[in-house]
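Comments concern the structure below.
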Amino acid sequence: MATCLTEADIKKPHENFFAGRSKNCRYDHFTMSGGTIDAKMSCAAGERGASMSMTINGTYSAENYEATMTMDSAGGGRMSGMKMKSRTESHRVGECKGDEINARKQEVGQ
């Protein structure tokens with residue numbers, strides 16, 4: 001998957017870099033500074049009072065980032081008590097071409 005980040009994105013990362021644009025989620029804290037990523041996010045899923053919390057910890061530089069995300073869900077519904085842990089690695093592959101988002105949509109058939 002390719003994502004294009006502007007120079008402004010790199011100098012001052014925004015928390016939606018990891019969260020997307022979910023209206024049901026909010027950050028308890030978010031710090032991406034000095035090469036360190038530290039965040040905690042809470043989401044209300046709405047399904048029978050379900051909720052989810054996620055922690056994100058990692059490091060970044062101008063050429064790459066790595067992050068470990070841990071998610072815990074609670075409340076009603078089929079996802080109650082689910083725990084998940086993932087690790088992401090990303091590497092710079094070159095300058096933005098402007099077609100990264102459209103290329104991704106074509107990959108997943110949207």
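Here, A, B, ... name the chains of the structure tokens in the order displayed, residue numbers run from 1 inside each chain, and ligands are numbered from 1 in the same displayed order.
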**Report entry** Contacts of Asn64 (chain A) within 10 Å, only C-alpha atoms, excl. fewer than 6 positions in-chain, as a PyMOL selection string
**Finding:** chain A and resi 89-93
Export of the given selection (N, CA and C atoms) as a PDB file, in the first residue's frame:
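And here is the file that came out, part14.pdb:
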```
ATOM      1  N   GLU A  89       5.390  -1.929   9.804  1.00  0.00           N
ATOM      2  CA  GLU A  89       6.651  -1.330   9.381  1.00  0.00           C
ATOM      3  C   GLU A  89       6.402  -0.604   8.077  1.00  0.00           C
ATOM      4  N   SER A  90       6.993   0.559   7.939  1.00  0.00           N
ATOM      5  CA  SER A  90       6.824   1.352   6.735  1.00  0.00           C
ATOM      6  C   SER A  90       8.182   1.915   6.326  1.00  0.00           C
ATOM      7  N   HIS A  91       8.409   1.989   5.014  1.00  0.00           N
ATOM      8  CA  HIS A  91       9.671   2.514   4.497  1.00  0.00           C
ATOM      9  C   HIS A  91       9.397   3.487   3.362  1.00  0.00           C
ATOM     10  N   ARG A  92      10.160   4.546   3.310  1.00  0.00           N
ATOM     11  CA  ARG A  92      10.040   5.532   2.236  1.00  0.00           C
ATOM     12  C   ARG A  92      10.463   4.889   0.920  1.00  0.00           C
ATOM     13  N   VAL A  93       9.653   5.093  -0.116  1.00  0.00           N
ATOM     14  CA  VAL A  93       9.962   4.507  -1.426  1.00  0.00           C
ATOM     15  C   VAL A  93      10.223   5.560  -2.494  1.00  0.00           C
TER      16      VAL A  93
END
```
Report task. Would you mind listing what lies within 7 Å of Cys25 (chain A) as number ranges by chain, with only C-alpha atoms counted and same-chain residues fewer than 5 positions away left out? Result -> A: 41-44
